[in-house]
$ cat protein08.csv   # CSV, C-alpha atoms
chain,number,residue,atom,x,y,z
A,654,MET,CA,-14.8,41.0,-29.8
A,655,GLY,CA,-11.6,41.4,-27.7
A,656,VAL,CA,-12.8,44.7,-26.2
A,657,ALA,CA,-16.3,43.3,-25.5
A,658,LEU,CA,-14.8,40.2,-23.8
A,659,THR,CA,-12.6,42.5,-21.6
A,660,VAL,CA,-15.5,44.6,-20.3
A,661,ARG,CA,-18.2,41.8,-20.4
A,662,ARG,CA,-18.6,41.7,-16.5
A,663,ARG,CA,-18.8,45.5,-16.2
A,664,TRP,CA,-21.2,46.0,-19.1
A,665,PRO,CA,-22.7,42.6,-19.8
A,666,ALA,CA,-25.7,43.9,-21.9
A,667,ALA,CA,-23.4,46.0,-24.2
A,668,SER,CA,-21.1,43.0,-24.7
A,669,TYR,CA,-24.0,40.7,-25.5
A,670,ALA,CA,-25.3,43.3,-28.1
A,671,ALA,CA,-21.8,43.3,-29.6
A,672,GLY,CA,-22.0,39.5,-29.8
A,673,LEU,CA,-25.3,39.6,-31.6
A,674,LEU,CA,-24.0,42.1,-34.1
A,675,THR,CA,-20.9,40.0,-34.7
A,676,VAL,CA,-22.8,36.8,-35.6
A,677,VAL,CA,-25.4,38.6,-37.7
A,678,PHE,CA,-23.2,40.8,-39.8
A,679,ALA,CA,-19.8,39.2,-39.7
A,680,THR,CA,-21.2,35.6,-39.8
A,681,THR,CA,-18.6,34.5,-37.1
A,682,GLY,CA,-18.1,34.7,-33.4
A,683,MET,CA,-20.3,31.8,-32.2
A,684,GLU,CA,-18.0,31.1,-29.2
A,685,PHE,CA,-17.9,34.8,-28.4
A,686,LEU,CA,-21.7,34.9,-28.3
A,687,ALA,CA,-21.8,31.9,-26.0
A,688,VAL,CA,-19.4,33.6,-23.5
A,689,VAL,CA,-21.2,37.0,-23.5
A,690,SER,CA,-24.7,35.4,-23.2
A,691,TYR,CA,-23.5,33.3,-20.2
A,692,THR,CA,-22.1,36.5,-18.6
A,693,LEU,CA,-25.3,38.4,-19.2
A,694,VAL,CA,-27.5,35.7,-17.5
A,695,ALA,CA,-25.0,35.0,-14.7
A,696,TYR,CA,-24.4,38.7,-13.7
A,697,ARG,CA,-27.7,40.4,-14.3
A,698,GLU,CA,-30.4,39.5,-11.9
A,699,ARG,CA,-33.3,40.9,-13.9
A,700,VAL,CA,-32.4,39.1,-17.2
A,701,ARG,CA,-34.7,36.2,-18.1
A,702,PRO,CA,-32.8,33.2,-19.6
A,703,ALA,CA,-35.5,32.1,-22.1
A,704,PRO,CA,-35.6,35.4,-24.1
A,705,VAL,CA,-31.8,35.5,-24.2
A,706,ALA,CA,-31.6,32.0,-25.6
A,707,GLY,CA,-34.3,32.8,-28.2
A,708,ILE,CA,-32.5,36.0,-29.3
A,709,SER,CA,-29.2,34.2,-29.6
A,710,ALA,CA,-30.7,31.4,-31.6
A,711,LEU,CA,-32.4,33.9,-34.0
A,712,ALA,CA,-29.1,35.8,-34.5
A,713,LEU,CA,-27.2,32.6,-35.2
A,714,VAL,CA,-29.8,31.5,-37.7
A,715,ILE,CA,-29.6,34.9,-39.5
A,716,GLY,CA,-25.8,34.7,-39.5
A,717,HIS,CA,-25.9,31.2,-41.1
A,718,LEU,CA,-28.3,32.1,-43.9
A,719,ASP,CA,-25.4,32.8,-46.3
A,720,TYR,CA,-24.1,29.2,-45.7
A,721,TRP,CA,-27.5,27.7,-46.5
A,722,PRO,CA,-28.2,28.1,-50.2
A,723,GLU,CA,-31.1,25.7,-49.8
A,724,LEU,CA,-33.0,25.0,-46.6
A,725,VAL,CA,-32.8,21.2,-46.8
A,726,VAL,CA,-33.2,19.5,-43.5
A,727,ASP,CA,-30.4,17.0,-44.1
A,728,GLN,CA,-28.0,19.8,-44.9
A,729,VAL,CA,-28.8,22.2,-42.1
A,730,ALA,CA,-29.6,19.7,-39.3
A,731,GLY,CA,-26.0,19.7,-37.9
A,732,ASP,CA,-25.9,23.5,-37.9
A,733,LEU,CA,-29.3,23.7,-36.2
A,734,ILE,CA,-28.1,21.4,-33.4
A,735,LEU,CA,-24.9,23.5,-33.0
A,736,ILE,CA,-27.0,26.7,-32.9
A,737,ALA,CA,-29.3,25.1,-30.3
A,738,GLY,CA,-26.4,24.1,-28.1
A,739,ILE,CA,-24.7,27.5,-28.3
A,740,SER,CA,-28.0,29.3,-27.6
A,741,VAL,CA,-29.2,27.2,-24.7
A,742,LEU,CA,-26.2,25.7,-22.8
A,743,PRO,CA,-24.5,29.0,-21.8
A,744,VAL,CA,-27.8,30.4,-20.7
A,745,VAL,CA,-28.6,27.3,-18.5
A,746,LEU,CA,-25.1,27.4,-17.1
A,747,GLY,CA,-25.4,31.2,-16.3
A,748,GLN,CA,-28.7,30.6,-14.6
A,749,ALA,CA,-27.2,27.9,-12.5
A,750,VAL,CA,-24.3,30.1,-11.5
A,751,ARG,CA,-26.6,33.0,-10.7
A,752,ASN,CA,-28.8,30.7,-8.5
A,753,ALA,CA,-25.8,29.3,-6.7
A,754,ARG,CA,-24.4,32.8,-6.1
A,755,ARG,CA,-27.8,34.0,-4.8
A,756,THR,CA,-28.1,30.9,-2.5
A,757,THR,CA,-24.6,31.6,-1.2
A,758,THR,CA,-25.4,35.2,-0.5
A,759,GLU,CA,-28.6,34.2,1.3
A,760,LEU,CA,-26.9,31.6,3.4
A,761,THR,CA,-24.1,34.1,4.3
A,762,ARG,CA,-26.8,36.6,5.4
A,763,ARG,CA,-28.7,34.0,7.4
A,764,ASN,CA,-25.5,32.8,9.0
A,765,ALA,CA,-24.6,36.3,10.0
A,766,GLU,CA,-28.1,36.7,11.5
A,767,LEU,CA,-27.8,33.4,13.4
A,768,VAL,CA,-24.4,34.5,14.8
A,769,VAL,CA,-26.0,37.7,16.0
A,770,LEU,CA,-29.0,35.9,17.4
A,771,ARG,CA,-26.7,33.3,19.1
A,772,GLN,CA,-24.8,36.2,20.7
A,773,GLN,CA,-27.9,37.9,21.8
A,774,ALA,CA,-29.2,34.6,23.3
A,775,ALA,CA,-25.9,34.2,25.1
A,776,ASP,CA,-25.9,37.7,26.4
A,777,HIS,CA,-29.5,37.3,27.6
A,778,ALA,CA,-28.6,34.1,29.4
A,779,VAL,CA,-25.7,35.8,31.1
A,780,GLU,CA,-27.9,38.8,32.1
A,781,THR,CA,-30.6,36.4,33.4
A,782,GLU,CA,-28.1,34.5,35.4
A,783,ARG,CA,-26.7,37.7,36.8
A,784,PHE,CA,-30.1,38.8,37.9
A,785,ARG,CA,-30.8,35.5,39.5
A,786,ILE,CA,-27.5,35.5,41.4
A,787,ALA,CA,-28.0,39.1,42.4
A,788,ARG,CA,-31.5,38.3,43.7
A,789,GLU,CA,-30.3,35.3,45.6
A,790,LEU,CA,-27.4,37.3,47.1
A,791,HIS,CA,-29.7,40.1,48.0
A,792,ASP,CA,-32.2,37.8,49.8
A,793,VAL,CA,-29.5,35.9,51.7
A,794,VAL,CA,-27.4,38.9,52.7
A,795,ALA,CA,-30.3,41.2,53.5
A,796,HIS,CA,-31.8,38.6,55.8
A,797,HIS,CA,-28.6,38.1,57.8
A,798,VAL,CA,-27.6,41.7,57.9
A,799,SER,CA,-31.1,42.9,59.0
A,800,ALA,CA,-31.2,40.2,61.7
A,801,MET,CA,-27.7,41.2,62.9
A,802,THR,CA,-28.7,44.9,63.0
A,803,VAL,CA,-31.7,44.1,65.1
A,804,ARG,CA,-29.8,41.9,67.6
A,805,ALA,CA,-26.9,44.4,67.8
A,806,ARG,CA,-29.3,47.3,68.7
A,807,ALA,CA,-31.2,45.1,71.2
A,808,GLY,CA,-27.9,44.1,72.8
A,809,HIS,CA,-26.8,47.7,73.0
A,810,HIS,CA,-30.0,48.7,74.9
A,811,VAL,CA,-29.9,45.9,77.4
A,812,ALA,CA,-26.1,45.7,77.9
A,813,GLU,CA,-26.2,47.5,81.2
A,814,ARG,CA,-29.1,45.8,82.9
A,815,ASP,CA,-28.8,42.3,81.3
A,816,PRO,CA,-25.2,41.6,80.2
A,817,GLN,CA,-26.0,38.0,79.3
A,818,ALA,CA,-28.6,39.1,76.8
A,819,ALA,CA,-25.9,41.4,75.3
A,820,VAL,CA,-23.5,38.4,75.1
A,821,ASP,CA,-26.2,36.3,73.4
A,822,ALA,CA,-26.9,39.1,70.9
A,823,LEU,CA,-23.2,39.3,70.1
A,824,GLY,CA,-23.1,35.6,69.6
A,825,TYR,CA,-26.0,35.7,67.2
A,826,VAL,CA,-24.4,38.6,65.3
A,827,ALA,CA,-21.2,36.5,65.0
A,828,GLU,CA,-23.1,33.4,63.8
A,829,ALA,CA,-25.2,35.3,61.4
A,830,GLY,CA,-22.2,37.2,60.0
A,831,SER,CA,-20.4,33.9,59.5
A,832,GLU,CA,-23.4,32.5,57.6
A,833,ALA,CA,-23.6,35.6,55.4
A,834,LEU,CA,-19.9,35.3,54.6
A,835,THR,CA,-20.3,31.6,53.8
A,836,ALA,CA,-23.2,32.4,51.5
A,837,MET,CA,-21.3,35.2,49.8
A,838,GLY,CA,-18.3,32.9,49.4
A,839,SER,CA,-20.5,30.3,47.8
A,840,PHE,CA,-21.9,32.8,45.3
A,841,VAL,CA,-18.4,34.1,44.4
A,842,GLY,CA,-17.1,30.6,44.1
A,843,THR,CA,-20.0,29.7,41.7
A,844,LEU,CA,-19.2,32.8,39.6
A,845,ARG,CA,-15.5,31.8,39.4
A,846,GLY,CA,-16.4,28.1,38.6
A,847,GLU,CA,-14.8,26.9,41.9
A,848,VAL,CA,-16.1,24.4,44.5
A,849,ALA,CA,-15.4,24.2,48.2
A,850,ALA,CA,-11.9,23.0,49.2
A,851,GLY,CA,-13.2,19.7,50.4
A,852,GLY,CA,-15.1,18.9,47.2
A,853,ARG,CA,-18.6,19.2,46.0
A,854,ASP,CA,-20.0,17.4,49.0
A,855,GLU,CA,-19.4,20.6,51.1
A,856,LEU,CA,-21.7,22.8,49.0
A,857,VAL,CA,-24.8,23.7,50.9
A,858,PRO,CA,-28.1,22.9,49.0
A,859,GLN,CA,-30.6,25.6,48.3
A,860,PRO,CA,-33.5,25.8,50.9
A,861,THR,CA,-36.9,24.5,50.2
A,862,LEU,CA,-40.3,24.6,51.9
A,863,GLU,CA,-39.1,22.0,54.4
A,864,ASP,CA,-36.6,24.6,55.7
A,865,LEU,CA,-39.3,27.2,56.3
A,866,PRO,CA,-39.7,26.4,60.0
A,867,ASP,CA,-36.0,26.9,60.5
A,868,LEU,CA,-36.2,30.2,58.8
A,869,LEU,CA,-39.0,31.4,61.1
A,870,GLU,CA,-37.0,30.2,64.1
A,871,SER,CA,-34.0,32.2,63.0
A,872,PHE,CA,-36.2,35.3,62.9
A,873,ARG,CA,-37.5,34.5,66.4
A,874,ARG,CA,-34.0,34.5,67.6
A,875,THR,CA,-33.7,38.1,66.6
A,876,GLY,CA,-36.5,39.0,69.0
A,877,LEU,CA,-39.3,39.1,66.4
A,878,VAL,CA,-42.5,37.4,67.4
A,879,VAL,CA,-43.5,35.1,64.6
A,880,HIS,CA,-47.0,33.5,64.4
A,881,GLU,CA,-47.0,30.7,61.9
A,882,ASP,CA,-49.9,28.8,60.3
A,883,LEU,CA,-48.4,26.5,57.7
A,884,HIS,CA,-50.5,24.0,55.9
A,885,THR,CA,-47.9,22.4,53.6
A,886,SER,CA,-47.8,18.7,54.7
A,887,GLY,CA,-48.8,16.0,52.3
A,888,VAL,CA,-48.2,18.0,49.1
A,889,SER,CA,-44.8,18.0,47.3
A,890,VAL,CA,-43.7,20.9,45.0
A,891,ALA,CA,-40.9,21.3,42.6
A,892,ARG,CA,-37.6,22.3,44.1
A,893,ALA,CA,-37.5,25.6,42.2
A,894,LEU,CA,-41.0,26.5,43.4
A,895,GLY,CA,-40.0,25.6,47.0
A,896,LEU,CA,-36.9,27.7,46.8
A,897,ASN,CA,-38.8,30.8,45.5
A,898,ALA,CA,-41.6,30.4,48.1
A,899,TYR,CA,-38.9,30.3,50.8
A,900,ARG,CA,-37.2,33.4,49.4
A,901,ILE,CA,-40.5,35.3,49.2
A,902,VAL,CA,-41.2,34.6,52.9
A,903,GLU,CA,-37.6,35.4,53.8
A,904,GLU,CA,-37.7,38.8,51.9
A,905,ALA,CA,-41.1,39.7,53.4
A,906,LEU,CA,-39.9,39.1,56.9
A,907,THR,CA,-36.7,41.0,56.2
A,908,ASN,CA,-38.7,44.0,54.9
A,909,ALA,CA,-41.0,43.8,58.0
A,910,ILE,CA,-37.9,44.3,60.3
A,911,ARG,CA,-35.8,46.5,58.1
A,912,HIS,CA,-38.4,48.9,56.7
A,913,GLY,CA,-41.4,48.4,58.8
A,914,ALA,CA,-39.8,48.1,62.3
A,915,ALA,CA,-42.3,45.4,63.0
A,916,GLU,CA,-42.4,43.5,66.3
A,917,ARG,CA,-44.8,40.8,65.2
A,918,VAL,CA,-45.5,39.0,62.0
A,919,TRP,CA,-48.1,36.5,60.9
A,920,VAL,CA,-47.0,33.9,58.3
A,921,GLN,CA,-49.6,31.7,56.5
A,922,MET,CA,-49.2,29.2,53.8
A,923,TRP,CA,-51.7,26.8,52.3
A,924,PHE,CA,-52.7,24.9,49.2
A,925,ASP,CA,-55.9,25.8,47.4
A,926,GLY,CA,-56.7,23.8,44.3
A,927,GLU,CA,-53.5,23.9,42.2
A,928,ASP,CA,-52.0,27.0,43.8
A,929,LEU,CA,-49.6,27.5,46.8
A,930,HIS,CA,-50.7,30.7,48.7
A,931,LEU,CA,-48.3,32.7,50.9
A,932,GLN,CA,-49.4,35.5,53.1
A,933,VAL,CA,-47.2,37.6,55.5
A,934,ASP,CA,-48.6,40.3,57.7
A,935,ASP,CA,-46.8,42.6,60.2
A,936,ASN,CA,-47.7,45.2,62.7
A,937,GLY,CA,-45.0,47.7,61.6
A,938,ARG,CA,-45.2,51.3,60.4
A,939,GLY,CA,-47.3,50.4,57.3
A,940,LEU,CA,-47.6,52.3,54.0
A,941,ASP,CA,-47.8,55.7,55.7
A,942,GLY,CA,-44.7,55.0,57.7
A,943,GLY,CA,-42.4,54.4,54.8
A,944,CYS,CA,-43.4,50.8,53.8
A,945,THR,CA,-43.7,51.8,50.2
A,946,PRO,CA,-44.1,49.3,47.3
A,947,THR,CA,-40.7,50.0,45.8
A,948,GLY,CA,-37.2,48.6,46.0
A,949,HIS,CA,-35.3,45.6,44.7
A,950,GLY,CA,-36.8,43.2,47.3
A,951,LEU,CA,-40.4,43.7,46.2
A,952,VAL,CA,-39.4,43.5,42.6
A,953,GLY,CA,-37.5,40.3,43.3
A,954,MET,CA,-40.5,38.7,45.0
A,955,ALA,CA,-42.7,39.6,42.1
A,956,GLU,CA,-40.2,38.1,39.6
A,957,ARG,CA,-40.1,34.9,41.7
A,958,ALA,CA,-43.9,34.6,41.5
A,959,GLU,CA,-43.9,35.4,37.8
A,960,LEU,CA,-41.4,32.6,37.1
A,961,HIS,CA,-44.1,30.1,38.0
A,962,GLY,CA,-47.0,31.9,36.4
A,963,GLY,CA,-48.2,33.5,39.6
A,964,ALA,CA,-48.5,36.9,41.1
A,965,MET,CA,-47.5,38.9,44.1
A,966,VAL,CA,-49.7,41.5,45.8
A,967,PHE,CA,-48.4,44.1,48.2
A,968,GLY,CA,-50.5,46.4,50.3
A,969,PRO,CA,-51.7,47.5,53.8
A,970,SER,CA,-52.4,44.8,56.4
A,971,PRO,CA,-55.3,44.7,58.9
A,972,ARG,CA,-52.6,44.0,61.5
A,973,GLY,CA,-51.5,47.6,61.2
A,974,GLY,CA,-48.4,47.1,59.0
A,975,CYS,CA,-48.0,45.7,55.5
A,976,ARG,CA,-49.2,42.6,53.8
A,977,VAL,CA,-47.4,40.5,51.2
A,978,GLU,CA,-49.5,37.9,49.3
A,979,ALA,CA,-48.2,35.5,46.7
A,980,THR,CA,-49.9,32.9,44.6
A,981,LEU,CA,-47.7,30.2,43.0
A,982,PRO,CA,-49.3,27.6,40.7
A,983,THR,CA,-47.9,24.2,41.6
A,984,GLY,CA,-49.2,22.3,38.5
A,985,HIS,CA,-51.2,19.7,40.5
A,986,ALA,CA,-54.3,19.6,42.6
A,987,GLY,CA,-54.1,20.1,46.3
A,988,SER,CA,-56.7,18.9,48.9
A,989,GLN,CA,-56.0,21.2,51.8
A,990,ALA,CA,-58.4,24.1,52.6
A,991,PRO,CA,-57.0,27.6,53.2
A,992,PRO,CA,-56.9,28.8,56.8
A,993,SER,CA,-59.2,31.4,58.1
A,994,GLN,CA,-58.0,34.8,56.9
A,995,VAL,CA,-58.4,38.3,58.0
A,996,PRO,CA,-60.0,40.6,55.4
A,997,ALA,CA,-57.7,43.1,53.7
A,998,GLY,CA,-57.4,46.5,55.4
A,999,GLY,CA,-57.3,48.6,52.3
A,1000,PRO,CA,-56.4,48.8,48.6
A,1001,ALA,CA,-53.5,46.6,47.6
A,1002,SER,CA,-51.1,47.0,44.7
A,1003,VAL,CA,-50.0,44.3,42.4
A,1004,VAL,CA,-46.3,44.3,41.9
A,1005,THR,CA,-45.3,43.2,38.4

$ encode --input "protein08.csv" --output "structure tokens"
Amino acid sequence: MGVALTVRRRWPAASYAAGLLTVVFATTGMEFLAVVSYTLVAYRERVRPAPVAGISALALVIGHLDYWPELVVDQVAGDLILIAGISVLPVVLGQAVRNARRTTTELTRRNAELVVLRQQAADHAVETERFRIARELHDVVAHHVSAMTVRARAGHHVAERDPQAAVDALGYVAEAGSEALTAMGSFVGTLRGEVAAGGRDELVPQPTLEDLPDLLESFRRTGLVVHEDLHTSGVSVARALGLNAYRIVEEALTNAIRHGAAERVWVQMWFDGEDLHLQVDDNGRGLDGGCTPTGHGLVGMAERAELHGGAMVFGPSPRGGCRVEATLPTGHAGSQAPPSQVPAGGPASVVT
């Protein structure tokens, strides 16, 4: 009995068999059988409690036959109650402990999974925010740097015959550079969790559709001829949608200058049903001249359109350069008709 109790957790089945043999042939060891039956049920997952209880009860009855000269109910009732208790209670307790241990293990496993999922969600949120900030920084800085480059080159060419134009170009370069530095400082301050020295009131709000005419005017100041046809009055859109529409137009104009060497652009915007439509054409080099549907700018425009369930199409323009078209669902009906459009000049590619 002592040896079996010592190794009962390592070999619970062998210890239980020793307990059965003890109560059957030695007519003793009821408490020993209770302990080893509990251990068997508690530490062996595949053991069923009911057969264990039945086998224990049968062994105890056989072991008590020598004490029952006559099977009279009044004489054996107490022993039967004791046998029932020793057979059933350890098994029930072992089953409860096994279930509790199984539940604890499952909860531990699920908690570990939740920790991993929480970390993955946090990493995904950080990655998404980094992409958003990188996209915003690319749009802002690329716009200002492209405009500065165009004005600087123009000032260099006209410096000798028109000094005042060169001075104006240098002034624009200085102003655009200051705005780019301010934007970069704002992004860096956001990443560091800082605010402007004068408080939150000095933070510049993100642009919206209402700021689109100012954007077009800033491109005109670089020497680019901008034809605009904006039908956006009377319909309000969410701030996030307005910001992304603004950035799409900004990136399309920047690409027209930077990659297409365009001199003229045509910007159209209108509501049709529940969608906001954007279309930007230029007279630059076009697809054959290096205006290829690749790069971070085009990917960023496509991602901005996808954020609202829309799409962005890039292809050749009938004006001679490239065309950028974007459709952004607004979530409500609009009453304005689209402006007259020029048919597409060739196959377009959907950027996804």

$ residues_around --input "protein08.csv" --residues "segment 695-704 of chain A" --least-positions-apart "3" --cutoff "9 Å" --atoms "only C-alpha atoms" --output "ChimeraX atom specification"
/A:662,665-666,690-692,707-709,741,744-752,754

$ atom_distance --input "protein08.csv" --atom1 "atom CA of Ala706 of chain A" --atom2 "atom CA of Arg663 of chain A"
20.8 Å

$ atom_distance --input "protein08.csv" --atom1 "atom CA of Pro971 of chain A" --atom2 "atom CA of Glu916 of chain A"
14.9 Å

$ residues_around --input "protein08.csv" --residues "Pro866 of chain A" --least-positions-apart "6" --cutoff "12 Å" --atoms "only C-alpha atoms" --output "list in words"
Pro860, Phe872, Arg873, Val879, His880, Glu881, Asp882, Leu883, His884, Thr885, Tyr899, Val902, Glu903, Val920, Gln921 and Met922 of chain A

$ closest_residue --input "protein08.csv" --among "A:Gln859, A:Ala915, A:Gly926, A:Met837" --to "Gly895 of chain A" --atoms "all atoms listed in the file"
A:Gln859

$ residues_near_point --input "protein08.csv" --point "(-25.1, 23.1, -28.5)" --cutoff "12 Å" --atoms "only C-alpha atoms" --output "list in words"
Met683, Glu684, Ala687, Ala706, Ser709, Ala710, Leu713, Gly731, Asp732, Leu733, Ile734, Leu735, Ile736, Ala737, Gly738, Ile739, Ser740, Val741, Leu742, Pro743, Val744 and Val745 of chain A

$ atom_distance --input "protein08.csv" --atom1 "atom CA of Ala909 of chain A" --atom2 "atom CA of Leu868 of chain A"
14.4 Å

$ residues_near_point --input "protein08.csv" --point "(-34.9, 36.7, 34.4)" --cutoff "10 Å" --atoms "all atoms listed in the file" --output "mmCIF file with C-alpha atoms, in the coordinates of the input"
data_model
loop_
_atom_site.group_PDB
_atom_site.id
_atom_site.type_symbol
_atom_site.label_atom_id
_atom_site.label_comp_id
_atom_site.auth_asym_id
_atom_site.auth_seq_id
_atom_site.Cartn_x
_atom_site.Cartn_y
_atom_site.Cartn_z
ATOM 1 C CA HIS A 777 -29.500 37.300 27.600
ATOM 2 C CA ALA A 778 -28.600 34.100 29.400
ATOM 3 C CA VAL A 779 -25.700 35.800 31.100
ATOM 4 C CA GLU A 780 -27.900 38.800 32.100
ATOM 5 C CA THR A 781 -30.600 36.400 33.400
ATOM 6 C CA GLU A 782 -28.100 34.500 35.400
ATOM 7 C CA ARG A 783 -26.700 37.700 36.800
ATOM 8 C CA PHE A 784 -30.100 38.800 37.900
ATOM 9 C CA ARG A 785 -30.800 35.500 39.500
ATOM 10 C CA GLY A 953 -37.500 40.300 43.300
ATOM 11 C CA GLU A 956 -40.200 38.100 39.600
ATOM 12 C CA ARG A 957 -40.100 34.900 41.700
ATOM 13 C CA GLU A 959 -43.900 35.400 37.800
ATOM 14 C CA LEU A 960 -41.400 32.600 37.100
#

$ residues_around --input "protein08.csv" --residues "Gly682 of chain A" --least-positions-apart "4" --cutoff "10 Å" --atoms "all atoms listed in the file" --output "number ranges by chain"
A: 654, 672-677, 686-687, 713, 716

$ closest_residue --input "protein08.csv" --among "A:Leu906, A:Thr983, A:Glu828, A:Asp864" --to "Val890 of chain A" --atoms "all atoms listed in the file"
A:Thr983
